[in-house]
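Shown next: model06.pdb, given as PDB, C-alpha atoms, pLDDT in the B column.
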```pdb
ATOM      1  CA  GLY J   1      28.985 -21.844 -41.877  1.00 69.00           C
ATOM      2  CA  ALA J   2      31.124 -18.680 -42.044  1.00 83.00           C
ATOM      3  CA  VAL J   3      32.491 -19.076 -45.549  1.00 90.00           C
ATOM      4  CA  VAL J   4      34.291 -16.204 -47.224  1.00 94.00           C
ATOM      5  CA  SER J   5      35.241 -16.251 -50.882  1.00 95.00           C
ATOM      6  CA  GLN J   6      37.646 -14.140 -52.876  1.00 97.00           C
ATOM      7  CA  HIS J   7      37.919 -13.575 -56.570  1.00 96.00           C
ATOM      8  CA  PRO J   8      40.169 -13.855 -58.425  1.00 97.00           C
ATOM      9  CA  SER J   9      42.480 -16.292 -56.658  1.00 96.00           C
ATOM     10  CA  TRP J  10      45.417 -15.003 -58.660  1.00 96.00           C
ATOM     11  CA  VAL J  11      46.008 -12.229 -61.140  1.00 97.00           C
ATOM     12  CA  ILE J  12      48.916 -11.051 -63.250  1.00 97.00           C
ATOM     13  CA  CYS J  13      48.814  -7.545 -64.628  1.00 95.00           C
ATOM     14  CA  LYS J  14      51.035  -4.979 -66.273  1.00 96.00           C
ATOM     15  CA  SER J  15      52.464  -2.061 -64.374  1.00 96.00           C
ATOM     16  CA  GLY J  16      50.124   0.929 -64.421  1.00 96.00           C
ATOM     17  CA  THR J  17      46.888  -1.018 -64.652  1.00 96.00           C
ATOM     18  CA  SER J  18      44.231  -1.322 -61.972  1.00 97.00           C
ATOM     19  CA  VAL J  19      43.097  -4.567 -60.407  1.00 97.00           C
ATOM     20  CA  LYS J  20      39.877  -5.240 -58.520  1.00 97.00           C
ATOM     21  CA  ILE J  21      39.577  -8.003 -55.925  1.00 97.00           C
ATOM     22  CA  GLU J  22      36.195  -9.109 -54.606  1.00 97.00           C
ATOM     23  CA  CYS J  23      35.483 -10.491 -51.153  1.00 96.00           C
ATOM     24  CA  ARG J  24      32.148 -12.107 -50.354  1.00 95.00           C
ATOM     25  CA  SER J  25      30.667 -13.614 -47.222  1.00 93.00           C
ATOM     26  CA  LEU J  26      28.629 -16.498 -48.577  1.00 93.00           C
ATOM     27  CA  ASP J  27      26.471 -17.616 -45.678  1.00 89.00           C
ATOM     28  CA  PHE J  28      26.380 -14.704 -43.269  1.00 87.00           C
ATOM     29  CA  GLN J  29      26.102 -10.959 -43.239  1.00 88.00           C
ATOM     30  CA  ALA J  30      29.368  -9.212 -42.507  1.00 86.00           C
ATOM     31  CA  THR J  31      29.018  -5.861 -40.835  1.00 81.00           C
ATOM     32  CA  THR J  32      32.759  -5.398 -41.020  1.00 88.00           C
ATOM     33  CA  MET J  33      35.307  -6.601 -43.538  1.00 92.00           C
ATOM     34  CA  PHE J  34      39.049  -6.349 -43.343  1.00 93.00           C
ATOM     35  CA  TRP J  35      41.790  -6.307 -45.960  1.00 96.00           C
ATOM     36  CA  TYR J  36      45.223  -7.692 -45.213  1.00 95.00           C
ATOM     37  CA  ARG J  37      48.446  -7.968 -47.102  1.00 95.00           C
ATOM     38  CA  GLN J  38      50.943 -10.768 -46.559  1.00 92.00           C
ATOM     39  CA  PHE J  39      54.495 -10.979 -47.845  1.00 87.00           C
ATOM     40  CA  PRO J  40      56.275 -14.354 -48.097  1.00 83.00           C
ATOM     41  CA  LYS J  41      57.037 -15.900 -44.709  1.00 78.00           C
ATOM     42  CA  GLN J  42      55.571 -12.909 -42.917  1.00 83.00           C
ATOM     43  CA  SER J  43      52.419 -12.403 -40.938  1.00 85.00           C
ATOM     44  CA  LEU J  44      49.305 -10.586 -42.013  1.00 89.00           C
ATOM     45  CA  MET J  45      49.400  -6.808 -42.093  1.00 90.00           C
ATOM     46  CA  LEU J  46      46.061  -5.062 -41.739  1.00 92.00           C
ATOM     47  CA  MET J  47      45.544  -2.545 -44.512  1.00 95.00           C
ATOM     48  CA  ALA J  48      42.052  -1.270 -43.823  1.00 94.00           C
ATOM     49  CA  THR J  49      38.751  -1.910 -42.117  1.00 91.00           C
ATOM     50  CA  SER J  50      35.503  -1.354 -43.946  1.00 90.00           C
ATOM     51  CA  ASN J  51      31.967  -1.127 -42.668  1.00 85.00           C
ATOM     52  CA  GLU J  52      28.990  -1.488 -44.939  1.00 82.00           C
ATOM     53  CA  GLY J  53      27.837   1.869 -46.272  1.00 80.00           C
ATOM     54  CA  SER J  54      30.667   3.941 -44.845  1.00 83.00           C
ATOM     55  CA  LYS J  55      34.191   4.899 -45.781  1.00 86.00           C
ATOM     56  CA  ALA J  56      36.999   2.511 -44.991  1.00 91.00           C
ATOM     57  CA  THR J  57      39.463   3.186 -42.194  1.00 92.00           C
ATOM     58  CA  TYR J  58      43.019   2.785 -43.381  1.00 95.00           C
ATOM     59  CA  GLU J  59      45.994   1.814 -41.286  1.00 93.00           C
ATOM     60  CA  GLN J  60      48.914   4.165 -40.990  1.00 93.00           C
ATOM     61  CA  GLY J  61      51.132   4.067 -44.045  1.00 93.00           C
ATOM     62  CA  VAL J  62      48.487   2.647 -46.382  1.00 95.00           C
ATOM     63  CA  GLU J  63      47.649   4.953 -49.293  1.00 94.00           C
ATOM     64  CA  LYS J  64      43.889   5.253 -49.487  1.00 92.00           C
ATOM     65  CA  ASP J  65      44.020   6.649 -53.027  1.00 94.00           C
ATOM     66  CA  LYS J  66      46.005   3.658 -54.180  1.00 96.00           C
ATOM     67  CA  PHE J  67      44.010   0.970 -52.409  1.00 96.00           C
ATOM     68  CA  LEU J  68      40.358   1.819 -52.950  1.00 95.00           C
ATOM     69  CA  ILE J  69      37.920  -0.092 -50.792  1.00 94.00           C
ATOM     70  CA  ASN J  70      34.197  -0.276 -51.352  1.00 90.00           C
ATOM     71  CA  HIS J  71      31.825  -2.100 -49.020  1.00 88.00           C
ATOM     72  CA  ALA J  72      28.627  -1.939 -51.032  1.00 83.00           C
ATOM     73  CA  SER J  73      26.584  -4.505 -49.159  1.00 88.00           C
ATOM     74  CA  LEU J  74      26.657  -6.750 -46.100  1.00 88.00           C
ATOM     75  CA  THR J  75      28.121  -9.557 -48.186  1.00 92.00           C
ATOM     76  CA  LEU J  76      30.504  -7.816 -50.591  1.00 93.00           C
ATOM     77  CA  SER J  77      33.624  -5.702 -50.273  1.00 94.00           C
ATOM     78  CA  THR J  78      36.053  -4.848 -53.053  1.00 95.00           C
ATOM     79  CA  LEU J  79      39.675  -3.762 -53.047  1.00 97.00           C
ATOM     80  CA  THR J  80      40.975  -1.965 -56.113  1.00 97.00           C
ATOM     81  CA  VAL J  81      44.710  -1.576 -56.501  1.00 97.00           C
ATOM     82  CA  THR J  82      45.051   1.470 -58.734  1.00 96.00           C
ATOM     83  CA  SER J  83      48.029   2.052 -61.034  1.00 96.00           C
ATOM     84  CA  ALA J  84      49.676  -1.103 -59.765  1.00 96.00           C
ATOM     85  CA  HIS J  85      53.462  -1.358 -59.643  1.00 96.00           C
ATOM     86  CA  PRO J  86      55.745  -4.356 -59.069  1.00 95.00           C
ATOM     87  CA  GLU J  87      56.129  -3.442 -55.382  1.00 94.00           C
ATOM     88  CA  ASP J  88      52.369  -3.995 -54.999  1.00 95.00           C
ATOM     89  CA  SER J  89      52.863  -7.657 -55.801  1.00 95.00           C
ATOM     90  CA  SER J  90      51.716  -9.559 -52.746  1.00 95.00           C
ATOM     91  CA  PHE J  91      49.128 -11.900 -51.282  1.00 95.00           C
ATOM     92  CA  TYR J  92      45.952 -10.002 -50.444  1.00 97.00           C
ATOM     93  CA  ILE J  93      43.520 -11.578 -47.994  1.00 96.00           C
ATOM     94  CA  CYS J  94      40.132 -10.366 -46.854  1.00 96.00           C
ATOM     95  CA  SER J  95      38.256 -11.352 -43.750  1.00 94.00           C
ATOM     96  CA  ALA J  96      34.756 -10.799 -42.484  1.00 91.00           C
ATOM     97  CA  GLY J  97      33.403 -10.363 -39.009  1.00 84.00           C
ATOM     98  CA  ARG J  98      29.993 -11.632 -38.064  1.00 75.00           C
ATOM     99  CA  GLY J  99      29.311  -8.837 -35.650  1.00 62.00           C
ATOM    100  CA  GLN J 100      30.340  -7.256 -32.404  1.00 55.00           C
ATOM    101  CA  GLY J 101      31.007  -9.243 -29.296  1.00 53.00           C
ATOM    102  CA  THR J 102      32.953 -12.164 -30.699  1.00 57.00           C
ATOM    103  CA  ASP J 103      35.807 -10.466 -32.515  1.00 66.00           C
ATOM    104  CA  THR J 104      36.197 -13.556 -34.630  1.00 77.00           C
ATOM    105  CA  GLN J 105      37.181 -13.056 -38.242  1.00 85.00           C
ATOM    106  CA  TYR J 106      36.736 -15.525 -41.041  1.00 90.00           C
ATOM    107  CA  PHE J 107      39.236 -15.314 -43.846  1.00 93.00           C
ATOM    108  CA  GLY J 108      38.966 -15.697 -47.568  1.00 95.00           C
ATOM    109  CA  PRO J 109      41.396 -17.896 -49.509  1.00 95.00           C
ATOM    110  CA  GLY J 110      43.478 -14.931 -50.647  1.00 96.00           C
ATOM    111  CA  THR J 111      44.419 -13.371 -53.980  1.00 97.00           C
ATOM    112  CA  ARG J 112      47.945 -13.502 -55.289  1.00 96.00           C
ATOM    113  CA  LEU J 113      48.740 -10.360 -57.272  1.00 96.00           C
ATOM    114  CA  THR J 114      51.769 -10.220 -59.534  1.00 96.00           C
ATOM    115  CA  VAL J 115      52.536  -6.930 -61.246  1.00 96.00           C
ATOM    116  CA  LEU J 116      54.949  -7.162 -64.146  1.00 95.00           C
TER     117      LEU J 116
ATOM    118  CA  GLN K   1      58.944  -4.643 -28.672  1.00 73.00           C
ATOM    119  CA  LYS K   2      56.199  -6.253 -30.730  1.00 81.00           C
ATOM    120  CA  GLU K   3      52.741  -6.472 -29.227  1.00 89.00           C
ATOM    121  CA  VAL K   4      52.637 -10.195 -29.950  1.00 94.00           C
ATOM    122  CA  GLU K   5      55.697 -12.446 -30.014  1.00 94.00           C
ATOM    123  CA  GLN K   6      55.707 -15.856 -31.655  1.00 95.00           C
ATOM    124  CA  ASP K   7      58.615 -18.115 -32.525  1.00 93.00           C
ATOM    125  CA  PRO K   8      58.683 -18.514 -36.324  1.00 90.00           C
ATOM    126  CA  GLY K   9      60.147 -22.034 -36.152  1.00 91.00           C
ATOM    127  CA  PRO K  10      60.213 -24.264 -38.054  1.00 95.00           C
ATOM    128  CA  LEU K  11      59.135 -26.799 -35.462  1.00 96.00           C
ATOM    129  CA  SER K  12      59.710 -30.351 -36.658  1.00 97.00           C
ATOM    130  CA  VAL K  13      58.048 -33.287 -34.908  1.00 97.00           C
ATOM    131  CA  PRO K  14      57.352 -36.930 -35.750  1.00 97.00           C
ATOM    132  CA  GLU K  15      53.833 -38.107 -36.451  1.00 97.00           C
ATOM    133  CA  GLY K  16      51.899 -38.797 -33.259  1.00 97.00           C
ATOM    134  CA  ALA K  17      53.797 -36.286 -31.135  1.00 97.00           C
ATOM    135  CA  ILE K  18      52.150 -33.676 -28.946  1.00 97.00           C
ATOM    136  CA  VAL K  19      52.832 -30.214 -30.314  1.00 98.00           C
ATOM    137  CA  SER K  20      52.985 -27.082 -28.192  1.00 97.00           C
ATOM    138  CA  LEU K  21      52.754 -23.685 -29.850  1.00 98.00           C
ATOM    139  CA  ASN K  22      52.979 -20.468 -27.876  1.00 97.00           C
ATOM    140  CA  CYS K  23      52.616 -16.714 -28.029  1.00 97.00           C
ATOM    141  CA  THR K  24      53.361 -13.977 -25.560  1.00 97.00           C
ATOM    142  CA  TYR K  25      51.894 -10.515 -25.634  1.00 96.00           C
ATOM    143  CA  SER K  26      52.376  -7.186 -23.942  1.00 95.00           C
ATOM    144  CA  ASN K  27      48.968  -5.498 -24.177  1.00 93.00           C
ATOM    145  CA  SER K  28      46.949  -6.310 -21.057  1.00 93.00           C
ATOM    146  CA  ALA K  29      43.805  -5.051 -22.810  1.00 92.00           C
ATOM    147  CA  PHE K  30      43.658  -8.122 -25.066  1.00 92.00           C
ATOM    148  CA  GLN K  31      40.597 -10.207 -24.201  1.00 91.00           C
ATOM    149  CA  TYR K  32      39.919 -12.313 -27.286  1.00 91.00           C
ATOM    150  CA  PHE K  33      42.444 -14.916 -28.362  1.00 94.00           C
ATOM    151  CA  MET K  34      42.456 -16.978 -31.511  1.00 93.00           C
ATOM    152  CA  TRP K  35      44.555 -19.549 -33.290  1.00 96.00           C
ATOM    153  CA  TYR K  36      44.534 -19.791 -37.062  1.00 95.00           C
ATOM    154  CA  ARG K  37      46.077 -22.411 -39.323  1.00 96.00           C
ATOM    155  CA  GLN K  38      47.408 -21.327 -42.683  1.00 94.00           C
ATOM    156  CA  TYR K  39      48.506 -23.654 -45.432  1.00 94.00           C
ATOM    157  CA  SER K  40      50.886 -22.342 -48.053  1.00 89.00           C
ATOM    158  CA  ARG K  41      49.232 -19.817 -50.382  1.00 85.00           C
ATOM    159  CA  LYS K  42      45.887 -20.125 -48.624  1.00 90.00           C
ATOM    160  CA  GLY K  43      43.920 -17.910 -46.304  1.00 92.00           C
ATOM    161  CA  PRO K  44      44.041 -18.505 -42.527  1.00 93.00           C
ATOM    162  CA  GLU K  45      41.503 -20.951 -41.103  1.00 93.00           C
ATOM    163  CA  LEU K  46      40.102 -20.354 -37.632  1.00 91.00           C
ATOM    164  CA  LEU K  47      40.981 -23.237 -35.297  1.00 94.00           C
ATOM    165  CA  MET K  48      40.255 -22.018 -31.810  1.00 93.00           C
ATOM    166  CA  TYR K  49      38.658 -18.987 -30.219  1.00 90.00           C
ATOM    167  CA  THR K  50      38.906 -18.162 -26.517  1.00 89.00           C
ATOM    168  CA  TYR K  51      37.593 -15.278 -24.508  1.00 86.00           C
ATOM    169  CA  SER K  52      39.638 -14.266 -21.449  1.00 83.00           C
ATOM    170  CA  SER K  53      41.607 -16.845 -19.445  1.00 84.00           C
ATOM    171  CA  GLY K  54      41.103 -20.571 -19.355  1.00 86.00           C
ATOM    172  CA  ASN K  55      41.239 -23.703 -21.450  1.00 91.00           C
ATOM    173  CA  LYS K  56      39.227 -24.788 -24.446  1.00 92.00           C
ATOM    174  CA  GLU K  57      39.316 -28.168 -26.115  1.00 94.00           C
ATOM    175  CA  ASP K  58      38.145 -29.161 -29.577  1.00 94.00           C
ATOM    176  CA  GLY K  59      39.086 -32.619 -30.771  1.00 96.00           C
ATOM    177  CA  ARG K  60      42.860 -32.897 -30.900  1.00 97.00           C
ATOM    178  CA  PHE K  61      43.317 -29.188 -30.202  1.00 97.00           C
ATOM    179  CA  THR K  62      43.500 -27.463 -26.827  1.00 97.00           C
ATOM    180  CA  ALA K  63      43.901 -23.729 -26.386  1.00 97.00           C
ATOM    181  CA  GLN K  64      45.096 -22.209 -23.136  1.00 96.00           C
ATOM    182  CA  VAL K  65      45.128 -18.573 -22.098  1.00 96.00           C
ATOM    183  CA  ASP K  66      46.972 -17.261 -19.051  1.00 95.00           C
ATOM    184  CA  LYS K  67      46.254 -13.560 -18.871  1.00 93.00           C
ATOM    185  CA  SER K  68      48.290 -13.092 -15.697  1.00 93.00           C
ATOM    186  CA  SER K  69      51.398 -14.221 -17.573  1.00 94.00           C
ATOM    187  CA  LYS K  70      50.266 -12.792 -20.926  1.00 95.00           C
ATOM    188  CA  TYR K  71      50.855 -16.188 -22.477  1.00 96.00           C
ATOM    189  CA  ILE K  72      48.723 -18.323 -24.755  1.00 97.00           C
ATOM    190  CA  SER K  73      49.266 -21.844 -26.022  1.00 97.00           C
ATOM    191  CA  LEU K  74      47.885 -24.257 -28.557  1.00 98.00           C
ATOM    192  CA  PHE K  75      48.390 -27.976 -28.050  1.00 98.00           C
ATOM    193  CA  ILE K  76      47.921 -30.503 -30.821  1.00 98.00           C
ATOM    194  CA  ARG K  77      47.624 -34.143 -29.765  1.00 97.00           C
ATOM    195  CA  ASP K  78      48.439 -37.086 -32.028  1.00 97.00           C
ATOM    196  CA  SER K  79      49.890 -34.780 -34.661  1.00 97.00           C
ATOM    197  CA  GLN K  80      49.466 -35.785 -38.296  1.00 97.00           C
ATOM    198  CA  PRO K  81      51.404 -34.873 -41.443  1.00 97.00           C
ATOM    199  CA  SER K  82      48.297 -32.973 -42.540  1.00 96.00           C
ATOM    200  CA  ASP K  83      48.825 -30.659 -39.558  1.00 97.00           C
ATOM    201  CA  SER K  84      51.948 -29.318 -41.268  1.00 97.00           C
ATOM    202  CA  ALA K  85      51.176 -25.651 -41.749  1.00 97.00           C
ATOM    203  CA  THR K  86      51.849 -22.243 -40.270  1.00 96.00           C
ATOM    204  CA  TYR K  87      49.978 -21.511 -37.043  1.00 97.00           C
ATOM    205  CA  LEU K  88      49.143 -17.906 -36.286  1.00 96.00           C
ATOM    206  CA  CYS K  89      48.046 -16.605 -32.945  1.00 96.00           C
ATOM    207  CA  ALA K  90      45.828 -13.545 -32.983  1.00 94.00           C
ATOM    208  CA  MET K  91      44.313 -11.410 -30.286  1.00 92.00           C
ATOM    209  CA  SER K  92      42.084  -8.428 -29.854  1.00 90.00           C
ATOM    210  CA  ALA K  93      41.122  -5.867 -27.255  1.00 87.00           C
ATOM    211  CA  GLY K  94      37.756  -5.413 -28.875  1.00 76.00           C
ATOM    212  CA  PHE K  95      36.088  -3.958 -31.955  1.00 66.00           C
ATOM    213  CA  GLN K  96      37.428  -6.804 -34.073  1.00 69.00           C
ATOM    214  CA  LYS K  97      40.870  -5.370 -34.803  1.00 80.00           C
ATOM    215  CA  LEU K  98      43.188  -8.362 -34.591  1.00 88.00           C
ATOM    216  CA  VAL K  99      46.895  -8.308 -33.854  1.00 90.00           C
ATOM    217  CA  PHE K 100      48.712 -11.322 -35.257  1.00 92.00           C
ATOM    218  CA  GLY K 101      51.864 -13.112 -34.289  1.00 93.00           C
ATOM    219  CA  THR K 102      54.383 -13.838 -37.017  1.00 91.00           C
ATOM    220  CA  GLY K 103      53.269 -17.460 -37.182  1.00 94.00           C
ATOM    221  CA  THR K 104      55.060 -20.720 -36.326  1.00 96.00           C
ATOM    222  CA  ARG K 105      55.767 -23.120 -39.144  1.00 96.00           C
ATOM    223  CA  LEU K 106      55.057 -26.701 -38.074  1.00 97.00           C
ATOM    224  CA  LEU K 107      56.393 -29.750 -39.916  1.00 97.00           C
ATOM    225  CA  VAL K 108      55.045 -33.179 -38.954  1.00 97.00           C
ATOM    226  CA  SER K 109      56.995 -36.006 -40.516  1.00 97.00           C
ATOM    227  CA  PRO K 110      55.464 -39.452 -41.195  1.00 95.00           C
TER     228      PRO K 110
END
```
Show this structure as structure tokens.
Amino acid sequence: GAVVSQHPSWVICKSGTSVKIECRSLDFQATTMFWYRQFPKQSLMLMATSNEGSKATYEQGVEKDKFLINHASLTLSTLTVTSAHPEDSSFYICSAGRGQGTDTQYFGPGTRLTVL
Amino acid sequence: QKEVEQDPGPLSVPEGAIVSLNCTYSNSAFQYFMWYRQYSRKGPELLMYTYSSGNKEDGRFTAQVDKSSKYISLFIRDSQPSDSATYLCAMSAGFQKLVFGTGTRLLVSP
């Protein structure tokens, strides 16, 4: 159990376009989902935390108007990178928490975004 | 000073060796401790989860937490080439917000 999927697994887009990444918890309900960004040979950097039905909480330095997060249901969260630029190229990973008390997060396989 | 310190490696060992991976931390509020394994261009996979101090064993993996020293370890017995990956420690004070180490790259040679 505790499977999290992401779609797409990789995407290439032109500068100025928007890209949407989906994150789904397949076999459990995720009250909280997280979005991370990872640069090569670096650790995960938390971008934002989203709870179902409420606005996401963004980490300091993360532009909320650029990285739009929607947590529409207990099994789906989306990250939209708006007006993407080459510096947004990165590996984006989502994770889902099963609930309070365990603090365990289960990660998706990641989405590699390349902006030309 | 980073909240969580982890040697980036790489750590190279021969097949069958016992591997020791470690993290130190500064925030005494951390109570939940995790180890994740990440293969190249993949998402992290949860290996071990420990609450507070103590040991936990799962197959070839043993996790240790020493809160008095603010030190956690992951031991891998009988290491295999398939264990070659980056190992990330992560910890939390609660409310699911994880703080990650930089990850240690492990290379197990046949």
Which residues of chain J come within 6 Å of chain K, and for each one, what is the closest pair of atoms and their distance in Å to one decimal, counting all atoms listed in the file, sorted by chain and residue number, as JSON lines?
```
{"residue": "J:Ser43", "atom": "CA", "partner": "K:Thr102", "partner_atom": "CA", "distance": 4.6}
{"residue": "J:Asp103", "atom": "CA", "partner": "K:Gln96", "partner_atom": "CA", "distance": 4.3}
{"residue": "J:Phe107", "atom": "CA", "partner": "K:Gly43", "partner_atom": "CA", "distance": 5.9}
{"residue": "J:Gly108", "atom": "CA", "partner": "K:Gly43", "partner_atom": "CA", "distance": 5.6}
{"residue": "J:Pro109", "atom": "CA", "partner": "K:Gly43", "partner_atom": "CA", "distance": 4.1}
{"residue": "J:Gly110", "atom": "CA", "partner": "K:Gly43", "partner_atom": "CA", "distance": 5.3}
```
Using only C-alpha atoms, determine which residues lie at most 9 Å from Thr114 (chain J), disregarding the query and same-chain residues fewer than 4 positions distant; provide the list as a list in words.
Trp10, Val11, Ile12, Cys13, Lys14, Pro86, Asp88, Ser89, Ser90 and Phe91 of chain J
Prev. selection, C-alpha atoms, output as a PDB file, keeping the file's coordinate frame:
```
ATOM      1  CA  TRP J  10      45.417 -15.003 -58.660  1.00 96.00           C
ATOM      2  CA  VAL J  11      46.008 -12.229 -61.140  1.00 97.00           C
ATOM      3  CA  ILE J  12      48.916 -11.051 -63.250  1.00 97.00           C
ATOM      4  CA  CYS J  13      48.814  -7.545 -64.628  1.00 95.00           C
ATOM      5  CA  LYS J  14      51.035  -4.979 -66.273  1.00 96.00           C
ATOM      6  CA  PRO J  86      55.745  -4.356 -59.069  1.00 95.00           C
ATOM      7  CA  ASP J  88      52.369  -3.995 -54.999  1.00 95.00           C
ATOM      8  CA  SER J  89      52.863  -7.657 -55.801  1.00 95.00           C
ATOM      9  CA  SER J  90      51.716  -9.559 -52.746  1.00 95.00           C
ATOM     10  CA  PHE J  91      49.128 -11.900 -51.282  1.00 95.00           C
TER      11      PHE J  91
END
```
Nearest residue to Leu68 (chain J) out of J:His85, J:Thr111, J:Thr32, J:Val19, using only C-alpha atoms?
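Looking only at the distances to Leu68 (chain J), the closest residue turns out to be J:Val19.
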Between CA of Phe75 (chain K) and CA of Cys89 (chain K) - distance in Å to one decimal
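Separation of CA of Cys89 (chain K) and CA of Phe75 (chain K): 12.4 Å.
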Could you check the closest approach to Ala48 (chain J) for each of J:Leu116, J:Gln29, J:Gly16, J:Ile93 and tell me which residue wins, using only C-alpha atoms?
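Of the candidates, the smallest distance to Ala48 (chain J) is held by J:Ile93.
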Taking into account only C-alpha atoms, which residue in the set K:Ser79, K:Gln1, K:Asn22, K:Ser12 is nearest to Gln64 (chain K)?
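Smallest distance to Gln64 (chain K) is found for K:Asn22.
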Separation of CA of Leu44 (chain J) from CA of Ala30 (chain J) in Å:
20.0 Å
Under the rule that all atoms listed in the file are counted, which of J:Lys41, J:Met47, J:Phe67, J:Thr104 is the nearest residue to Ala85 (chain K)?
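That would be J:Lys41, the residue with the smallest distance to Ala85 (chain K).
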What would region 87-99 of chain J look like with N, CA, C and O atoms in place, written as a compact mmCIF listing (two decimals), in the frame of the given file?
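Printed below is selection-v6.txt as written:
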```
# COMPACT_ATOMS: atom_id res chain seq x y z
N GLU J 87 56.05 -3.37 -56.85
CA GLU J 87 56.13 -3.44 -55.38
C GLU J 87 54.78 -3.72 -54.72
O GLU J 87 54.71 -4.01 -53.52
N ASP J 88 53.70 -3.65 -55.51
CA ASP J 88 52.37 -4.00 -55.00
C ASP J 88 52.11 -5.49 -55.08
O ASP J 88 51.09 -5.97 -54.57
N SER J 89 53.01 -6.21 -55.71
CA SER J 89 52.86 -7.66 -55.80
C SER J 89 52.87 -8.25 -54.40
O SER J 89 53.79 -8.00 -53.62
N SER J 90 51.85 -9.02 -54.10
CA SER J 90 51.72 -9.56 -52.75
C SER J 90 50.53 -10.51 -52.70
O SER J 90 49.87 -10.75 -53.72
N PHE J 91 50.29 -11.04 -51.54
CA PHE J 91 49.13 -11.90 -51.28
C PHE J 91 48.13 -11.06 -50.50
O PHE J 91 48.44 -10.60 -49.40
N TYR J 92 46.96 -10.83 -51.08
CA TYR J 92 45.95 -10.00 -50.44
C TYR J 92 44.84 -10.91 -49.91
O TYR J 92 44.30 -11.73 -50.63
N ILE J 93 44.53 -10.72 -48.64
CA ILE J 93 43.52 -11.58 -47.99
C ILE J 93 42.46 -10.70 -47.34
O ILE J 93 42.79 -9.71 -46.68
N CYS J 94 41.20 -11.08 -47.54
CA CYS J 94 40.13 -10.37 -46.85
C CYS J 94 39.59 -11.24 -45.73
O CYS J 94 39.78 -12.46 -45.72
N SER J 95 38.95 -10.61 -44.79
CA SER J 95 38.26 -11.35 -43.75
C SER J 95 36.96 -10.64 -43.43
O SER J 95 36.78 -9.46 -43.77
N ALA J 96 36.06 -11.36 -42.82
CA ALA J 96 34.76 -10.80 -42.48
C ALA J 96 34.42 -11.13 -41.04
O ALA J 96 34.68 -12.24 -40.58
N GLY J 97 33.85 -10.16 -40.37
CA GLY J 97 33.40 -10.36 -39.01
C GLY J 97 31.90 -10.49 -38.97
O GLY J 97 31.19 -9.77 -39.67
N ARG J 98 31.44 -11.40 -38.13
CA ARG J 98 29.99 -11.63 -38.06
C ARG J 98 29.27 -10.55 -37.31
O ARG J 98 28.10 -10.34 -37.47
N GLY J 99 29.97 -9.87 -36.43
CA GLY J 99 29.31 -8.84 -35.65
C GLY J 99 30.09 -8.56 -34.39
O GLY J 99 31.10 -9.18 -34.12
```
